[in-house]
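Student: Starting off with a structure, shown below.
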Amino acid sequence: MSTNRPLDLHLALAGGPTKPLRFRVDTLIIAGWAGRDAAAVRHHIEELQAIGVPPPSATPLYYAGAPGLLTTDTAVVMLGAKTSGEVEPVILSTEDGLCVGVGSDHTDREAEEWSVAHSKQLCGKPLGSTIWRFDDVADHWDSLILRSWVAETETGARTLYQEGAMTALRRPEDLIERRGGLPIGSAMFGGTIPAIGGIRPAPFFQIEIEDPILGRRLTHGYAIKALPVAA
């Protein structure tokens with residue numbers, strides 16, 4: 001049994017009510033280099049190489065994360081100022097079946113230069129508290145749109161940081177099959193899209209998945225508090 005603090009989530013049913021769902025995370029997985037299009041994957045690899053990150057050994061690549069990193073908090077504490085977020089679909093394997101949420105694979109970019117796996121362990125992984133059933137969006141998954149914004153403050157002017165359709169990423173079924181399954185209690189980040197203007201830190205990050213077919217959105221925003229790095 002997991003000893004991690006459970007997350008109190010809200011399952012929004014398509015055309016119906018929202019009900020509470022308590023989710024206890026046993027396993028956290030970050031699927032990296034998860035794009036469908038080989039050229040787009042190369043672009044993201046080159047984007048990260050531009051800031052000193054070595055290329056992956058395989059694509060997609062599954063990184064393990066400490067389950068306690070997953071958080072619905074709206075303020076997260078990071079070590080140092082060289083961290084940044086990236087919007088991703090998050091697949092949750094719950095007692096109620098597969099669900100999807102919006103999350104940010106917030107990453108220490110300085111540590112990423114020498115070890116991507118280590119960098120994944122150094123930052124909390126924000127997750128919006130509202131989720132959808134995967135079955136409610138599976139038939140129009142490719143129509144979903146990922147977006148993120150950066151800002152100096154929660155109430156300040158936002159700058160669009162990422163935007164693109166889910167067609168850029170491998171479908172959840174593909175990622176789950178390649179990994180060999182997704183047991184109940186697992187949360188898997190499903191990959192991201194390129195940043196507009198390059199990867200960079202910001203004090204506030206906002207993320208969104210829009211469903212234009214059912215006319216709804218998953219949203220989350222969080223402030224980043226940078227702790228000083230003591231020598």
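In the structure tokens, chains take the letters A, B, ... in the order shown, each chain's residues start at 1, and ligands count up from 1 in the order shown.
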Produce a table with one row for each residue of segment 7-65 of chain A that has an atom at most 8 Å from any atom of segment 154-170 of chain A, each row naming the nearest atom pair and its distance in Å at one decimal; use only C-alpha atoms; arrange rows by chain and rising residue number; format as a tab-separated table.
Tutor:
```
residue	atom	partner	partner_atom	distance
A:Ala34	CA	A:Leu169	CA	5.8
A:Gly35	CA	A:Leu169	CA	4.1
A:Arg36	CA	A:Arg170	CA	5.0
A:Asp37	CA	A:Ala168	CA	6.6
A:Ala40	CA	A:Ala168	CA	7.7
```
Student: Name the residues in contact with segment 42-57 of chain A at a cut-off of 8 Å, using only C-alpha atoms, excluding same-chain residues fewer than 6 positions from it; report them as a list in words.
Tutor: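 What passes the distance filter is Trp33, Glu112, Glu113, Trp114, Ser115, Val116, Ile193, Pro194, Gly198 and Ile199 of chain A.
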Student: Which residues of segment 111-140 of chain A sit at most 6 Å from segment 97-107 of chain A, using only C-alpha atoms? Give each one's shortest atom pair and distance in Å (one decimal place), in chain and ascending residue order, as a tab-separated table.
Tutor:
```
residue	atom	partner	partner_atom	distance
A:Ser119	CA	A:Thr107	CA	6.0
A:Lys120	CA	A:Thr107	CA	5.8
A:Cys123	CA	A:Thr107	CA	5.8
A:Lys125	CA	A:Asp105	CA	5.5
A:Pro126	CA	A:Ser104	CA	5.4
A:Leu127	CA	A:Gly103	CA	4.2
A:Gly128	CA	A:Val102	CA	5.6
A:Ile131	CA	A:Gly101	CA	4.6
A:Trp132	CA	A:Val100	CA	5.3
A:Arg133	CA	A:Cys99	CA	4.3
A:Phe134	CA	A:Cys99	CA	4.7
```
Student: Go ahead and save the picked residues with N, CA and C atoms, as a short mmCIF file (atom, residue, chain, number, x, y, z; two decimals), in the first residue's frame.
Tutor:
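Saved to again.cif:
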```cif
data_model
loop_
_atom_site.label_atom_id
_atom_site.label_comp_id
_atom_site.auth_asym_id
_atom_site.auth_seq_id
_atom_site.Cartn_x
_atom_site.Cartn_y
_atom_site.Cartn_z
N SER A 119 17.22 15.06 -13.17
CA SER A 119 16.49 16.33 -13.20
C SER A 119 15.00 16.13 -12.94
N LYS A 120 14.47 14.97 -13.32
CA LYS A 120 13.06 14.69 -13.11
C LYS A 120 12.71 14.56 -11.64
N CYS A 123 12.10 18.35 -9.04
CA CYS A 123 11.01 19.33 -9.08
C CYS A 123 9.67 18.64 -8.87
N LYS A 125 5.77 17.96 -9.59
CA LYS A 125 5.05 17.80 -10.85
C LYS A 125 3.61 18.27 -10.67
N PRO A 126 3.32 19.53 -10.97
CA PRO A 126 1.97 20.06 -10.77
C PRO A 126 0.93 19.37 -11.66
N LEU A 127 -0.25 19.18 -11.08
CA LEU A 127 -1.37 18.52 -11.76
C LEU A 127 -2.65 19.28 -11.42
N GLY A 128 -3.45 19.60 -12.43
CA GLY A 128 -4.75 20.20 -12.17
C GLY A 128 -5.66 19.24 -11.42
N ILE A 131 -10.19 16.30 -13.53
CA ILE A 131 -9.79 15.31 -14.53
C ILE A 131 -11.01 14.84 -15.31
N TRP A 132 -10.78 14.18 -16.45
CA TRP A 132 -11.84 13.61 -17.27
C TRP A 132 -11.64 12.10 -17.39
N ARG A 133 -12.71 11.40 -17.68
CA ARG A 133 -12.58 9.99 -18.07
C ARG A 133 -11.92 9.93 -19.45
N PHE A 134 -10.96 9.05 -19.61
CA PHE A 134 -10.33 8.91 -20.92
C PHE A 134 -11.34 8.46 -21.96
#
```
Student: When you look at Gly215 of chain A with a cut-off of 12 Å (counting only C-alpha atoms), what residues show up, excluding the ones that are within fewer than 6 positions of it in the same chain? I need them as number ranges by chain.
Tutor: A: 14-15, 137, 143-145, 209
Student: Could you work out how far atom CA of Leu13 of chain A lies from atom CA of Leu214 of chain A, giving the answer in Å with one decimal?
Tutor: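 Computing it gives 10.9 Å between the two atoms.
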Student: For Leu28 of chain A, find every residue with an atom within 12 Å (counting only C-alpha atoms), except residues of its own chain fewer than 2 positions away, and show them as a count of residues only.
Tutor: 35
Student: Using only C-alpha atoms, determine which residues lie at most 6 Å from Ala223 of chain A, disregarding the query and same-chain residues fewer than 6 positions distant; provide the list as a list in words.
Tutor: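 Those residues are Ala75, Pro203 and Phe204 of chain A.
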Student: How would the residues just picked look written out with all heavy atoms as a PDB file, in the first residue's frame?
Tutor:
```
ATOM      1  N   ALA A  75       1.223  26.606  -5.591  1.00  0.00           N
ATOM      2  CA  ALA A  75       2.543  27.209  -5.384  1.00  0.00           C
ATOM      3  C   ALA A  75       3.512  26.079  -5.091  1.00  0.00           C
ATOM      4  O   ALA A  75       3.233  25.218  -4.252  1.00  0.00           O
ATOM      5  CB  ALA A  75       2.532  28.210  -4.246  1.00  0.00           C
ATOM      6  N   PRO A 203       8.262  33.015 -13.259  1.00  0.00           N
ATOM      7  CA  PRO A 203       7.743  32.882 -11.889  1.00  0.00           C
ATOM      8  C   PRO A 203       6.355  32.244 -11.803  1.00  0.00           C
ATOM      9  O   PRO A 203       5.974  31.738 -10.760  1.00  0.00           O
ATOM     10  CB  PRO A 203       7.694  34.335 -11.391  1.00  0.00           C
ATOM     11  CG  PRO A 203       8.607  35.091 -12.290  1.00  0.00           C
ATOM     12  CD  PRO A 203       8.504  34.421 -13.622  1.00  0.00           C
ATOM     13  N   PHE A 204       5.575  32.316 -12.901  1.00  0.00           N
ATOM     14  CA  PHE A 204       4.228  31.739 -12.888  1.00  0.00           C
ATOM     15  C   PHE A 204       3.982  30.992 -14.191  1.00  0.00           C
ATOM     16  O   PHE A 204       4.347  31.466 -15.269  1.00  0.00           O
ATOM     17  CB  PHE A 204       3.160  32.824 -12.712  1.00  0.00           C
ATOM     18  CG  PHE A 204       1.771  32.271 -12.525  1.00  0.00           C
ATOM     19  CD1 PHE A 204       1.363  31.793 -11.287  1.00  0.00           C
ATOM     20  CD2 PHE A 204       0.886  32.196 -13.580  1.00  0.00           C
ATOM     21  CE1 PHE A 204       0.096  31.259 -11.112  1.00  0.00           C
ATOM     22  CE2 PHE A 204      -0.390  31.664 -13.417  1.00  0.00           C
ATOM     23  CZ  PHE A 204      -0.790  31.193 -12.174  1.00  0.00           C
TER      24      PHE A 204
END
```
Student: Hey, can you check how far atom CA of Leu122 of chain A sits from atom CA of Ala226 of chain A?
Tutor: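 For atom CA of Leu122 of chain A relative to atom CA of Ala226 of chain A, the distance reads 12.3 Å.
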Student: For the atom pair atom CA of Thr72 of chain A and atom CA of Leu7 of chain A, what is the interatomic distance in Å to one decimal place?
Tutor: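 Atom CA of Leu7 of chain A lies at a distance of 7.3 Å from atom CA of Thr72 of chain A.
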Student: I'd like to know which residues of segment 5-204 of chain A are strand (DSSP E or B) (by DSSP, run on the backbone); could you write them as number ranges by chain?
Tutor: A: 7-12, 18-23, 27-32, 35, 61-65, 70-71, 75-79, 83-84, 87-94, 97-104, 107-108, 125-127, 130-133, 145-151, 158-165, 169, 186-189, 204
Student: Mind checking which residues fall within 10 Å of Arg179 of chain A, counting only C-alpha atoms, ignoring those fewer than 3 positions away in the same chain, and posting them as number ranges by chain?
Tutor: A: 29, 31, 60-62, 173-176, 182
Student: So which one's closest to Phe205 of chain A, A:Gly221, A:Pro20, A:Gly191, A:Gly32? Using only C-alpha atoms, please.
Tutor: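 The answer is A:Gly221, which sits nearest to Phe205 of chain A.
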Student: Taking only C-alpha atoms into account, name the residue in A:Ala111, A:Lys82, A:Asp142, A:Phe23 that is nearest to Leu227 of chain A.
Tutor: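 Closest to Leu227 of chain A of all the choices is A:Lys82.
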Student: Give the answer as one residue: which of A:Thr94, A:Thr130, A:Thr219, A:Glu86 has the shortest atom-to-atom distance to Asp8 of chain A, using only C-alpha atoms?
Tutor: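 Distance minimum relative to Asp8 of chain A lands on A:Thr130.
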Student: Can you work out which one of A:Asp73, A:Asp96, A:Glu88, A:Asp108 has the shortest atom-to-atom distance to Leu21 of chain A, counting only C-alpha atoms?
Tutor: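 Under the stated criterion, the closest residue is A:Asp96.
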